[in-house]
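Shown next: work_16.cif, given as mmCIF, C-alpha atoms.
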data_work
loop_
_atom_site.group_PDB
_atom_site.id
_atom_site.type_symbol
_atom_site.label_atom_id
_atom_site.label_comp_id
_atom_site.auth_asym_id
_atom_site.auth_seq_id
_atom_site.Cartn_x
_atom_site.Cartn_y
_atom_site.Cartn_z
ATOM 1 C CA MET A 8 143.517 35.469 -95.740
ATOM 2 C CA MET A 9 143.203 32.779 -98.424
ATOM 3 C CA ASN A 10 139.615 33.815 -98.993
ATOM 4 C CA LYS A 11 140.679 37.420 -99.588
ATOM 5 C CA ILE A 12 143.313 36.321 -102.108
ATOM 6 C CA LYS A 13 140.693 34.199 -103.853
ATOM 7 C CA ILE A 14 138.267 37.124 -104.085
ATOM 8 C CA LEU A 15 141.040 39.430 -105.285
ATOM 9 C CA ALA A 16 142.182 36.966 -107.976
ATOM 10 C CA ASN A 17 138.577 36.474 -109.113
ATOM 11 C CA ILE A 18 137.870 40.185 -109.538
ATOM 12 C CA PHE A 19 141.340 40.808 -111.054
ATOM 13 C CA SER A 20 140.691 38.282 -113.825
ATOM 14 C CA LYS A 21 137.289 39.817 -114.654
ATOM 15 C CA ILE A 22 138.700 43.359 -114.682
ATOM 16 C CA THR A 23 141.719 42.340 -116.799
ATOM 17 C CA VAL A 24 139.528 40.791 -119.497
ATOM 18 C CA CYS A 25 137.302 43.874 -119.602
ATOM 19 C CA VAL A 26 140.252 46.306 -119.578
ATOM 20 C CA LEU A 27 141.844 44.318 -122.428
ATOM 21 C CA LEU A 28 138.654 44.611 -124.446
ATOM 22 C CA ALA A 29 138.345 48.318 -123.623
ATOM 23 C CA SER A 30 141.983 48.873 -124.668
ATOM 24 C CA ALA A 31 141.358 47.124 -127.976
ATOM 25 C CA ILE A 32 138.360 49.374 -128.613
ATOM 26 C CA TYR A 33 140.273 52.514 -127.595
ATOM 27 C CA ILE A 34 143.342 51.765 -129.741
ATOM 28 C CA THR A 35 141.147 50.814 -132.705
ATOM 29 C CA VAL A 36 139.130 54.030 -132.469
ATOM 30 C CA MET A 37 142.130 56.316 -131.867
ATOM 31 C CA CYS A 38 144.790 54.684 -134.033
ATOM 32 C CA GLY A 39 143.020 52.316 -136.377
ATOM 33 C CA LEU A 40 143.253 48.542 -136.815
ATOM 34 C CA ASP A 41 146.766 48.734 -138.266
ATOM 35 C CA ALA A 42 148.223 50.555 -135.245
ATOM 36 C CA GLN A 43 151.652 49.353 -134.066
ATOM 37 C CA ILE A 44 151.824 49.060 -130.282
ATOM 38 C CA SER A 45 154.553 48.209 -127.793
ATOM 39 C CA VAL A 46 154.579 45.128 -125.532
ATOM 40 C CA MET A 47 154.702 47.612 -122.659
ATOM 41 C CA ILE A 48 150.986 48.193 -123.081
ATOM 42 C CA LEU A 49 150.265 44.622 -121.931
ATOM 43 C CA TRP A 50 152.076 45.234 -118.632
ATOM 44 C CA GLN A 51 150.315 48.579 -118.301
ATOM 45 C CA ILE A 52 146.948 46.862 -118.729
ATOM 46 C CA LEU A 53 147.864 44.339 -116.026
ATOM 47 C CA LEU A 54 148.974 47.116 -113.681
ATOM 48 C CA VAL A 55 145.805 49.159 -114.212
ATOM 49 C CA SER A 56 143.694 46.023 -113.612
ATOM 50 C CA ALA A 57 145.628 45.199 -110.436
ATOM 51 C CA VAL A 58 145.305 48.731 -109.062
ATOM 52 C CA CYS A 59 141.561 48.748 -109.843
ATOM 53 C CA SER A 60 141.087 45.360 -108.121
ATOM 54 C CA ILE A 61 142.566 46.326 -104.758
ATOM 55 C CA PRO A 62 139.506 48.202 -103.367
ATOM 56 C CA ILE A 63 137.517 44.934 -103.390
ATOM 57 C CA LEU A 64 139.298 44.309 -100.085
ATOM 58 C CA MET A 65 137.253 47.116 -98.478
ATOM 59 C CA TYR A 66 134.206 44.857 -98.551
ATOM 60 C CA PRO A 67 133.569 42.958 -95.281
ATOM 61 C CA ASP A 68 135.049 39.532 -94.591
ATOM 62 C CA GLU A 69 134.676 36.934 -91.816
ATOM 63 C CA GLU A 70 136.484 39.023 -89.218
ATOM 64 C CA GLY A 71 135.140 42.374 -90.404
ATOM 65 C CA LYS A 72 132.176 44.325 -89.127
ATOM 66 C CA GLU A 73 128.814 43.901 -90.861
ATOM 67 C CA VAL A 74 128.076 46.703 -93.317
ATOM 68 C CA SER A 75 124.610 48.164 -93.798
ATOM 69 C CA LYS A 76 122.932 48.633 -97.192
ATOM 70 C CA GLN A 77 123.801 52.340 -97.128
ATOM 71 C CA GLY A 78 127.375 51.434 -96.254
ATOM 72 C CA MET A 79 127.558 49.081 -99.238
ATOM 73 C CA ILE A 80 126.186 51.764 -101.585
ATOM 74 C CA ALA A 81 128.764 54.230 -100.246
ATOM 75 C CA ARG A 82 131.516 51.660 -100.865
ATOM 76 C CA GLN A 83 130.293 51.182 -104.449
ATOM 77 C CA ILE A 84 130.436 54.945 -105.044
ATOM 78 C CA ILE A 85 133.906 55.203 -103.491
ATOM 79 C CA TYR A 86 135.026 52.259 -105.628
ATOM 80 C CA PHE A 87 133.745 53.956 -108.781
ATOM 81 C CA ILE A 88 135.517 57.239 -107.970
ATOM 82 C CA TYR A 89 138.698 55.320 -107.147
ATOM 83 C CA VAL A 90 138.569 53.381 -110.442
ATOM 84 C CA ASN A 91 138.105 56.620 -112.359
ATOM 85 C CA CYS A 92 141.059 58.284 -110.632
ATOM 86 C CA ALA A 93 143.272 55.210 -110.996
ATOM 87 C CA ALA A 94 142.436 54.525 -114.644
ATOM 88 C CA LEU A 95 142.645 58.165 -115.730
ATOM 89 C CA GLY A 96 145.753 58.816 -113.631
ATOM 90 C CA LEU A 97 147.641 55.759 -114.818
ATOM 91 C CA GLY A 98 146.356 56.159 -118.365
ATOM 92 C CA ARG A 99 147.710 59.685 -118.482
ATOM 93 C CA ALA A 100 151.004 58.583 -116.936
ATOM 94 C CA PHE A 101 151.357 55.884 -119.592
ATOM 95 C CA GLY A 102 150.546 58.350 -122.350
ATOM 96 C CA TRP A 103 147.304 56.632 -123.381
ATOM 97 C CA PHE A 104 145.545 59.989 -123.726
ATOM 98 C CA TYR A 105 145.934 63.711 -123.124
ATOM 99 C CA PHE A 106 143.583 65.883 -121.075
ATOM 100 C CA SER A 107 143.872 68.566 -123.793
ATOM 101 C CA LYS A 108 142.208 66.229 -126.296
ATOM 102 C CA ALA A 109 138.520 66.065 -125.355
ATOM 103 C CA LYS A 110 137.726 63.114 -127.645
ATOM 104 C CA MET A 111 140.362 60.990 -125.935
ATOM 105 C CA VAL A 112 139.139 61.914 -122.445
ATOM 106 C CA VAL A 113 135.499 61.253 -123.334
ATOM 107 C CA LEU A 114 136.317 57.865 -124.873
ATOM 108 C CA MET A 115 138.454 56.927 -121.851
ATOM 109 C CA GLU A 116 135.623 57.851 -119.496
ATOM 110 C CA VAL A 117 133.042 55.946 -121.529
ATOM 111 C CA LEU A 118 135.275 52.865 -121.517
ATOM 112 C CA ILE A 119 135.983 53.159 -117.773
ATOM 113 C CA ILE A 120 132.257 53.302 -117.071
ATOM 114 C CA GLY A 121 131.726 50.442 -119.526
ATOM 115 C CA VAL A 122 134.299 48.248 -117.779
ATOM 116 C CA TYR A 123 132.907 49.116 -114.345
ATOM 117 C CA VAL A 124 129.337 48.327 -115.364
ATOM 118 C CA THR A 125 130.342 45.139 -117.222
ATOM 119 C CA VAL A 126 132.325 43.714 -114.302
ATOM 120 C CA ASN A 127 129.476 44.469 -111.888
ATOM 121 C CA LEU A 128 127.008 42.935 -114.333
ATOM 122 C CA ILE A 129 129.083 39.743 -114.650
ATOM 123 C CA VAL A 130 129.205 39.457 -110.856
ATOM 124 C CA TYR A 131 125.444 40.126 -110.584
ATOM 125 C CA VAL A 132 124.539 37.604 -113.286
ATOM 126 C CA ASN A 133 126.734 34.989 -111.623
ATOM 127 C CA ASP A 134 125.101 35.682 -108.245
ATOM 128 C CA HIS A 135 121.670 35.551 -109.879
ATOM 129 C CA MET A 136 122.424 32.083 -111.260
ATOM 130 C CA VAL A 137 123.588 30.954 -107.823
ATOM 131 C CA ALA A 138 120.390 32.363 -106.290
ATOM 132 C CA GLU A 139 118.251 30.516 -108.840
ATOM 133 C CA SER A 140 119.941 27.192 -108.127
ATOM 134 C CA MET A 141 119.443 27.781 -104.393
ATOM 135 C CA ASN A 142 115.769 28.660 -104.968
ATOM 136 C CA GLN A 143 115.375 25.412 -106.860
ATOM 137 C CA LYS A 144 116.796 23.489 -103.924
ATOM 138 C CA LEU A 145 114.490 25.359 -101.532
ATOM 139 C CA GLU A 146 111.535 24.390 -103.713
ATOM 140 C CA GLU A 147 112.615 20.748 -103.661
ATOM 141 C CA MET A 148 112.909 20.871 -99.880
ATOM 142 C CA ARG A 149 109.421 22.368 -99.601
ATOM 143 C CA LYS A 150 107.925 19.706 -101.880
ATOM 144 C CA ARG A 151 109.578 16.938 -99.830
ATOM 145 C CA LYS A 152 108.171 18.397 -96.618
ATOM 146 C CA ASP A 153 104.676 18.759 -98.052
ATOM 147 C CA ALA A 154 104.713 15.199 -99.440
ATOM 148 C CA MET B 13 108.746 2.292 -96.644
ATOM 149 C CA LYS B 14 108.036 -0.589 -94.295
ATOM 150 C CA ILE B 15 107.479 0.239 -90.615
ATOM 151 C CA THR B 16 107.740 -2.578 -88.105
ATOM 152 C CA ILE B 17 106.961 -2.222 -84.379
ATOM 153 C CA ILE B 18 108.230 -5.005 -82.143
ATOM 154 C CA ASN B 19 107.632 -5.417 -78.411
ATOM 155 C CA PRO B 20 110.993 -5.791 -76.641
ATOM 156 C CA PHE B 21 111.653 -8.447 -74.029
ATOM 157 C CA PRO B 22 111.013 -7.306 -70.428
ATOM 158 C CA ASP B 23 114.687 -6.760 -69.641
ATOM 159 C CA GLU B 24 115.513 -5.452 -73.095
ATOM 160 C CA GLU B 25 116.153 -1.728 -73.682
ATOM 161 C CA GLU B 26 113.837 0.153 -76.036
ATOM 162 C CA GLU B 27 115.618 0.724 -79.327
ATOM 163 C CA ILE B 28 114.973 2.296 -82.704
ATOM 164 C CA ILE B 29 116.787 0.723 -85.652
ATOM 165 C CA ILE B 30 116.793 2.501 -88.988
ATOM 166 C CA LYS B 31 117.610 0.397 -92.036
ATOM 167 C CA CYS B 32 118.545 2.527 -95.056
ATOM 168 C CA ARG B 33 120.814 2.227 -98.062
ATOM 169 C CA VAL B 34 121.715 5.917 -98.001
ATOM 170 C CA LEU B 35 121.511 8.343 -95.059
ATOM 171 C CA THR B 36 119.425 11.077 -96.700
ATOM 172 C CA GLU B 37 118.698 14.502 -95.257
ATOM 173 C CA ASP B 38 115.140 13.462 -94.400
ATOM 174 C CA ILE B 39 116.365 10.471 -92.430
ATOM 175 C CA ASN B 40 118.909 12.683 -90.690
ATOM 176 C CA HIS B 41 116.160 15.075 -89.680
ATOM 177 C CA LEU B 42 114.113 12.194 -88.376
ATOM 178 C CA ILE B 43 117.051 10.971 -86.317
ATOM 179 C CA CYS B 44 117.591 14.478 -84.897
ATOM 180 C CA LYS B 45 113.939 14.756 -83.989
ATOM 181 C CA LEU B 46 114.043 11.369 -82.272
ATOM 182 C CA LYS B 47 117.200 12.333 -80.390
ATOM 183 C CA ASN B 48 116.187 15.861 -79.424
ATOM 184 C CA GLY B 49 112.439 15.632 -79.302
ATOM 185 C CA ASP B 50 110.311 18.648 -80.133
ATOM 186 C CA ARG B 51 112.845 21.195 -78.981
ATOM 187 C CA LYS B 52 111.489 24.424 -77.528
ATOM 188 C CA ILE B 53 113.191 27.686 -76.628
ATOM 189 C CA THR B 54 112.107 29.899 -73.718
ATOM 190 C CA GLY B 55 111.147 33.357 -74.917
ATOM 191 C CA TYR B 56 110.446 36.453 -72.829
ATOM 192 C CA ASP B 57 108.294 39.434 -73.675
ATOM 193 C CA ALA B 58 106.101 41.987 -71.877
ATOM 194 C CA LYS B 59 103.407 39.357 -71.351
ATOM 195 C CA GLY B 60 105.768 36.943 -69.633
ATOM 196 C CA ILE B 61 107.380 33.658 -70.583
ATOM 197 C CA THR B 62 106.495 31.692 -73.697
ATOM 198 C CA LEU B 63 107.795 28.348 -74.909
ATOM 199 C CA LEU B 64 108.693 28.814 -78.551
ATOM 200 C CA ALA B 65 108.591 25.893 -80.949
ATOM 201 C CA LEU B 66 111.566 25.986 -83.315
ATOM 202 C CA PRO B 67 109.454 25.652 -86.484
ATOM 203 C CA ASP B 68 107.679 28.891 -85.487
ATOM 204 C CA ILE B 69 110.884 30.912 -85.245
ATOM 205 C CA PHE B 70 111.904 32.780 -88.388
ATOM 206 C CA TYR B 71 115.291 33.944 -87.163
ATOM 207 C CA PHE B 72 117.344 34.881 -84.133
ATOM 208 C CA GLU B 73 119.046 38.243 -84.069
ATOM 209 C CA ALA B 74 121.547 39.743 -81.652
ATOM 210 C CA THR B 75 121.126 43.444 -80.881
ATOM 211 C CA ASP B 76 122.556 45.514 -78.010
ATOM 212 C CA ASN B 77 123.990 42.428 -76.285
ATOM 213 C CA LYS B 78 120.592 40.737 -76.328
ATOM 214 C CA VAL B 79 119.287 37.947 -78.540
ATOM 215 C CA PHE B 80 115.770 38.035 -79.916
ATOM 216 C CA ALA B 81 113.683 35.328 -81.570
ATOM 217 C CA TYR B 82 111.452 36.598 -84.360
ATOM 218 C CA GLY B 83 108.189 34.779 -85.067
ATOM 219 C CA GLN B 84 105.478 35.445 -87.632
ATOM 220 C CA LYS B 85 104.465 38.667 -85.897
ATOM 221 C CA ASN B 86 105.952 38.508 -82.400
ATOM 222 C CA VAL B 87 109.415 39.086 -81.026
ATOM 223 C CA TYR B 88 110.771 37.421 -77.901
ATOM 224 C CA GLU B 89 113.995 37.849 -76.032
ATOM 225 C CA VAL B 90 115.929 34.645 -75.402
ATOM 226 C CA LYS B 91 118.598 34.134 -72.780
ATOM 227 C CA GLU B 92 120.935 32.067 -74.935
ATOM 228 C CA LYS B 93 123.780 33.744 -76.783
ATOM 229 C CA LEU B 94 123.938 33.478 -80.529
ATOM 230 C CA TYR B 95 126.937 31.161 -80.482
ATOM 231 C CA GLN B 96 125.144 28.892 -77.999
ATOM 232 C CA LEU B 97 122.087 28.751 -80.236
ATOM 233 C CA GLU B 98 124.309 27.990 -83.201
ATOM 234 C CA GLU B 99 125.751 24.987 -81.340
ATOM 235 C CA GLN B 100 122.385 23.791 -80.046
ATOM 236 C CA LEU B 101 120.598 24.115 -83.373
ATOM 237 C CA VAL B 102 123.227 22.440 -85.549
ATOM 238 C CA SER B 103 120.935 19.505 -86.339
ATOM 239 C CA PHE B 104 117.944 21.731 -87.079
ATOM 240 C CA PRO B 105 117.252 23.741 -90.251
ATOM 241 C CA PHE B 106 118.908 26.851 -88.802
ATOM 242 C CA MET B 107 122.073 28.450 -90.094
ATOM 243 C CA ARG B 108 124.236 31.486 -89.361
ATOM 244 C CA ALA B 109 123.295 34.124 -91.934
ATOM 245 C CA SER B 110 125.452 36.959 -90.611
ATOM 246 C CA LYS B 111 127.490 37.903 -87.550
ATOM 247 C CA SER B 112 124.274 38.840 -85.756
ATOM 248 C CA MET B 113 121.680 36.464 -87.180
ATOM 249 C CA ILE B 114 120.703 32.798 -87.275
ATOM 250 C CA LEU B 115 118.113 32.066 -89.944
ATOM 251 C CA ASN B 116 115.502 29.295 -90.220
ATOM 252 C CA LEU B 117 115.999 27.804 -93.683
ATOM 253 C CA ASP B 118 112.439 26.470 -93.689
ATOM 254 C CA LYS B 119 111.133 30.022 -93.539
ATOM 255 C CA ILE B 120 112.929 31.230 -96.667
ATOM 256 C CA ARG B 121 110.551 31.755 -99.556
ATOM 257 C CA HIS B 122 112.963 33.208 -102.090
ATOM 258 C CA LEU B 123 116.629 34.215 -102.447
ATOM 259 C CA SER B 124 117.972 37.021 -104.608
ATOM 260 C CA PRO B 125 121.411 38.648 -105.048
ATOM 261 C CA ALA B 126 122.133 41.928 -103.243
ATOM 262 C CA PHE B 127 124.992 44.448 -103.138
ATOM 263 C CA GLY B 128 128.540 43.332 -102.459
ATOM 264 C CA GLY B 129 128.163 39.595 -103.032
ATOM 265 C CA ARG B 130 125.471 39.284 -100.364
ATOM 266 C CA PHE B 131 122.116 37.605 -100.796
ATOM 267 C CA GLU B 132 118.695 38.768 -99.701
ATOM 268 C CA ALA B 133 116.237 36.224 -98.314
ATOM 269 C CA LEU B 134 112.508 36.895 -98.581
ATOM 270 C CA LEU B 135 110.858 35.105 -95.666
ATOM 271 C CA GLU B 136 107.384 33.575 -95.426
ATOM 272 C CA ASN B 137 106.167 36.605 -93.414
ATOM 273 C CA GLU B 138 107.273 38.974 -96.227
ATOM 274 C CA GLU B 139 110.264 40.160 -94.219
ATOM 275 C CA LYS B 140 113.635 40.553 -95.997
ATOM 276 C CA VAL B 141 116.910 39.654 -94.341
ATOM 277 C CA VAL B 142 120.458 39.800 -95.663
ATOM 278 C CA ILE B 143 122.757 36.796 -95.811
ATOM 279 C CA SER B 144 126.369 37.955 -95.593
ATOM 280 C CA ARG B 145 128.817 36.989 -98.311
ATOM 281 C CA GLN B 146 130.944 34.894 -96.000
ATOM 282 C CA TYR B 147 127.940 32.702 -95.069
ATOM 283 C CA VAL B 148 126.753 32.094 -98.630
ATOM 284 C CA PRO B 149 129.008 29.019 -99.039
ATOM 285 C CA VAL B 150 127.472 27.608 -95.845
ATOM 286 C CA LEU B 151 123.989 28.219 -97.232
ATOM 287 C CA LYS B 152 124.910 26.499 -100.484
ATOM 288 C CA GLU B 153 126.263 23.527 -98.553
ATOM 289 C CA ARG B 154 123.126 23.285 -96.412
ATOM 290 C CA LEU B 155 121.012 23.295 -99.558
ATOM 291 C CA GLY B 156 123.132 20.538 -101.041
ATOM 292 C CA LEU B 157 124.899 22.585 -103.713
#
Step by step, read the file and then write its structure as structure tokens.
Amino acid sequence: MMNKIKILANIFSKITVCVLLASAIYITVMCGLDAQISVMILWQILLVSAVCSIPILMYPDEEGKEVSKQGMIARQIIYFIYVNCAALGLGRAFGWFYFSKAKMVVLMEVLIIGVYVTVNLIVYVNDHMVAESMNQKLEEMRKRKDA
Amino acid sequence: MKITIINPFPDEEEEIIIKCRVLTEDINHLICKLKNGDRKITGYDAKGITLLALPDIFYFEATDNKVFAYGQKNVYEVKEKLYQLEEQLVSFPFMRASKSMILNLDKIRHLSPAFGGRFEALLENEEKVVISRQYVPVLKERLGL
């Protein structure tokens, strides 16, 4: 349970930072740098980030069944569709954009994809660094055995 | 390192004393080997029974209620359950990599990240196996990270 909360908090923080950045870009493009915005938008950003973080729990844990590579790819696709629906749905509900304005919809979609890709990239880069440090240790172990 | 061999007195028990400032992993392995000897596992295949040396086993995998030991090219069924192997091999370079696999760390050539926080291990025989996310912290600990 604690492990799940840890994973959730980790992904929530990454998503929140990226959503904040995406919101800054969106507001700047749509309303300009001098736009006046309500404090409510900060809570909306947190809510969107929280809602987009929840599906991380569909990935396997200690008690869960092992998932195949195809299963993991399917989960990634489902996650992406979910994020799109959640971000567009909540964004529309909060009045961030209107479906009748194509420019707004396109920019929202571009930013959603951008956030999704960025968060995945951060996770991948972090895992890559962990893998490299483990490979280094494996190399040291091999050298000790050969010596 | 100085090695000294002393003949014990006739009524004295044979003993191995290790003097070290720090108990390193290498010394631990040596102690395990002295305690357990060259441990072998009984493997079964179509040809009959084979005694498998642990260093020759790449990984154990449980499938259809059976446990198999995978070597360089051969596969043998073993009678032990995965959890039994996990207990028996605790002092050897084997670790649980997933719910259905125990992996020989000495056979890992390279690690790389995979989908969903998992890691992929490229083994010495060019085979690729997946290390589940929940066992990555164990792997890091075993590697001293």
- line: Here atom CA of Met111 of chain A and atom CA of Thr35 of chain A stand apart by 12.2 Å
message: If I take atom CA of Thr125 of chain A and atom CA of Ile22 of chain A, how far is one from the other in Å, to one decimal?
response: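 Atom CA of Thr125 of chain A sits 8.9 Å away from atom CA of Ile22 of chain A.
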task: Take the PyMOL selection byres ((chain B and resi 133-143) around 9), apply it to the structure above, and return the hits as JSON, numbers by chain.
output: {"B": [70, 83, 84, 85, 108, 109, 110, 113, 115, 118, 119, 120, 121, 122, 123, 124, 125, 126, 130, 131, 132, 144, 145, 146, 147, 148, 151]}
Segment 87-91 of chain A surroundings by only C-alpha atoms, 10 Å radius, close-in-sequence under 5 positions cut, as a PDB file with C-alpha atoms, in the frame of the given file:
ATOM      1  CA  VAL A  55     145.805  49.159-114.212  1.00  0.00           C
ATOM      2  CA  SER A  56     143.694  46.023-113.612  1.00  0.00           C
ATOM      3  CA  VAL A  58     145.305  48.731-109.062  1.00  0.00           C
ATOM      4  CA  CYS A  59     141.561  48.748-109.843  1.00  0.00           C
ATOM      5  CA  SER A  60     141.087  45.360-108.121  1.00  0.00           C
ATOM      6  CA  ILE A  61     142.566  46.326-104.758  1.00  0.00           C
ATOM      7  CA  PRO A  62     139.506  48.202-103.367  1.00  0.00           C
ATOM      8  CA  ALA A  81     128.764  54.230-100.246  1.00  0.00           C
ATOM      9  CA  ARG A  82     131.516  51.660-100.865  1.00  0.00           C
ATOM     10  CA  GLY A  96     145.753  58.816-113.631  1.00  0.00           C
ATOM     11  CA  LEU A  97     147.641  55.759-114.818  1.00  0.00           C
ATOM     12  CA  MET A 115     138.454  56.927-121.851  1.00  0.00           C
ATOM     13  CA  GLU A 116     135.623  57.851-119.496  1.00  0.00           C
ATOM     14  CA  ILE A 119     135.983  53.159-117.773  1.00  0.00           C
ATOM     15  CA  ILE A 120     132.257  53.302-117.071  1.00  0.00           C
ATOM     16  CA  VAL A 122     134.299  48.248-117.779  1.00  0.00           C
ATOM     17  CA  TYR A 123     132.907  49.116-114.345  1.00  0.00           C
ATOM     18  CA  VAL A 124     129.337  48.327-115.364  1.00  0.00           C
TER      19      VAL A 124
END
Quick one: axis-aligned box around all listed atoms of segment 116-124 of chain B, 8 Å on every side, centre and edge lengths in Å to one decimal, written as JSON.
{"center_x": 114.3, "center_y": 31.7, "center_z": -97.4, "size_x": 23.4, "size_y": 26.6, "size_z": 30.4}
message: Please compute the atom CA of Leu155 of chain B-atom CA of Val34 of chain B distance, one decimal, in Å.
response: 17.5 Å
message: Quick one: residues within 12 Å of Met148 of chain A, only C-alpha atoms, excluding same-chain residues fewer than 2 positions away - as a ChimeraX atom specification?
response: /A:141-146,150-154 /B:37-38,105,117-121,154-156
query: Can you list, as a PyMOL selection string, the residues that the PyMOL selection byres ((chain A) within 12 of (chain B)) selects here?
result: chain A and resi 10-11+14+18+63-84+86+127-154
field: Protein/DNA/RNA residues near (144.5, 41.1, -113.4), cut 7 Å, only C-alpha atoms, as a list in words
entry: Phe19, Ser20, Ile22, Thr23, Leu53, Ser56 and Ala57 of chain A
message: Set the distance at 9 Å and use only C-alpha atoms: which residues neighbour Leu97 of chain B once local chain neighbours fewer than 5 positions away are removed? I'd like the list as a ChimeraX atom specification.
response: /B:72,92,102,114
field: Neighbour list for segment 86-91 of chain B as a PyMOL selection string, cut-off 8 Å, all atoms listed in the file, skip fewer than 5 positions in-chain
entry: chain B and resi 53-57+78-81
Since I can't run it myself right now, could you work out what the PyMOL selection byres ((chain A and resi 101) around 12) selects here and report it as a compact mmCIF listing (two decimals) with C-alpha atoms, in the frame of the given file?
# COMPACT_ATOMS: atom_id res chain seq x y z
CA SER A 45 154.55 48.21 -127.79
CA MET A 47 154.70 47.61 -122.66
CA ILE A 48 150.99 48.19 -123.08
CA LEU A 49 150.26 44.62 -121.93
CA TRP A 50 152.08 45.23 -118.63
CA GLN A 51 150.32 48.58 -118.30
CA ILE A 52 146.95 46.86 -118.73
CA LEU A 54 148.97 47.12 -113.68
CA VAL A 55 145.80 49.16 -114.21
CA ALA A 93 143.27 55.21 -111.00
CA ALA A 94 142.44 54.52 -114.64
CA LEU A 95 142.65 58.16 -115.73
CA GLY A 96 145.75 58.82 -113.63
CA LEU A 97 147.64 55.76 -114.82
CA GLY A 98 146.36 56.16 -118.36
CA ARG A 99 147.71 59.68 -118.48
CA ALA A 100 151.00 58.58 -116.94
CA GLY A 102 150.55 58.35 -122.35
CA TRP A 103 147.30 56.63 -123.38
CA PHE A 104 145.54 59.99 -123.73
CA TYR A 105 145.93 63.71 -123.12
Written coordinates, C-alpha atoms of segment 9-52 of chain A as an mmCIF file, in the first residue's frame:
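Result file follows (out-v2.cif):
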data_model
loop_
_atom_site.group_PDB
_atom_site.id
_atom_site.type_symbol
_atom_site.label_atom_id
_atom_site.label_comp_id
_atom_site.auth_asym_id
_atom_site.auth_seq_id
_atom_site.Cartn_x
_atom_site.Cartn_y
_atom_site.Cartn_z
ATOM 1 C CA MET A 9 2.791 2.405 0.984
ATOM 2 C CA ASN A 10 4.617 1.534 -2.207
ATOM 3 C CA LYS A 11 1.556 2.429 -4.283
ATOM 4 C CA ILE A 12 1.228 5.786 -2.516
ATOM 5 C CA LYS A 13 4.916 6.428 -3.150
ATOM 6 C CA ILE A 14 4.563 5.660 -6.862
ATOM 7 C CA LEU A 15 1.425 7.792 -7.085
ATOM 8 C CA ALA A 16 3.088 10.758 -5.337
ATOM 9 C CA ASN A 17 6.139 10.432 -7.599
ATOM 10 C CA ILE A 18 4.142 10.488 -10.834
ATOM 11 C CA PHE A 19 1.792 13.209 -9.492
ATOM 12 C CA SER A 20 4.716 15.562 -8.863
ATOM 13 C CA LYS A 21 6.139 14.994 -12.366
ATOM 14 C CA ILE A 22 2.740 15.500 -14.018
ATOM 15 C CA THR A 23 1.993 18.632 -11.951
ATOM 16 C CA VAL A 24 5.249 20.308 -12.988
ATOM 17 C CA CYS A 25 4.618 19.496 -16.651
ATOM 18 C CA VAL A 26 0.950 20.565 -16.509
ATOM 19 C CA LEU A 27 2.024 23.841 -14.861
ATOM 20 C CA LEU A 28 4.484 24.475 -17.668
ATOM 21 C CA ALA A 29 1.894 23.532 -20.298
ATOM 22 C CA SER A 30 -0.645 25.883 -18.668
ATOM 23 C CA ALA A 31 1.864 28.727 -18.733
ATOM 24 C CA ILE A 32 2.469 28.125 -22.437
ATOM 25 C CA TYR A 33 -1.262 27.865 -23.189
ATOM 26 C CA ILE A 34 -2.222 31.038 -21.293
ATOM 27 C CA THR A 35 0.689 32.948 -22.836
ATOM 28 C CA VAL A 36 -0.263 31.899 -26.366
ATOM 29 C CA MET A 37 -4.017 32.456 -25.927
ATOM 30 C CA CYS A 38 -4.084 35.505 -23.663
ATOM 31 C CA GLY A 39 -0.635 37.031 -23.744
ATOM 32 C CA LEU A 40 1.951 37.590 -21.007
ATOM 33 C CA ASP A 41 -0.145 40.275 -19.310
ATOM 34 C CA ALA A 42 -3.184 38.014 -18.847
ATOM 35 C CA GLN A 43 -4.950 38.263 -15.468
ATOM 36 C CA ILE A 44 -5.862 34.841 -14.093
ATOM 37 C CA SER A 45 -7.752 33.606 -11.048
ATOM 38 C CA VAL A 46 -6.225 31.583 -8.189
ATOM 39 C CA MET A 47 -8.795 28.934 -9.094
ATOM 40 C CA ILE A 48 -6.605 27.886 -11.997
ATOM 41 C CA LEU A 49 -3.944 26.610 -9.572
ATOM 42 C CA TRP A 50 -6.451 24.250 -7.937
ATOM 43 C CA GLN A 51 -7.690 23.210 -11.370
ATOM 44 C CA ILE A 52 -4.134 22.342 -12.403
#
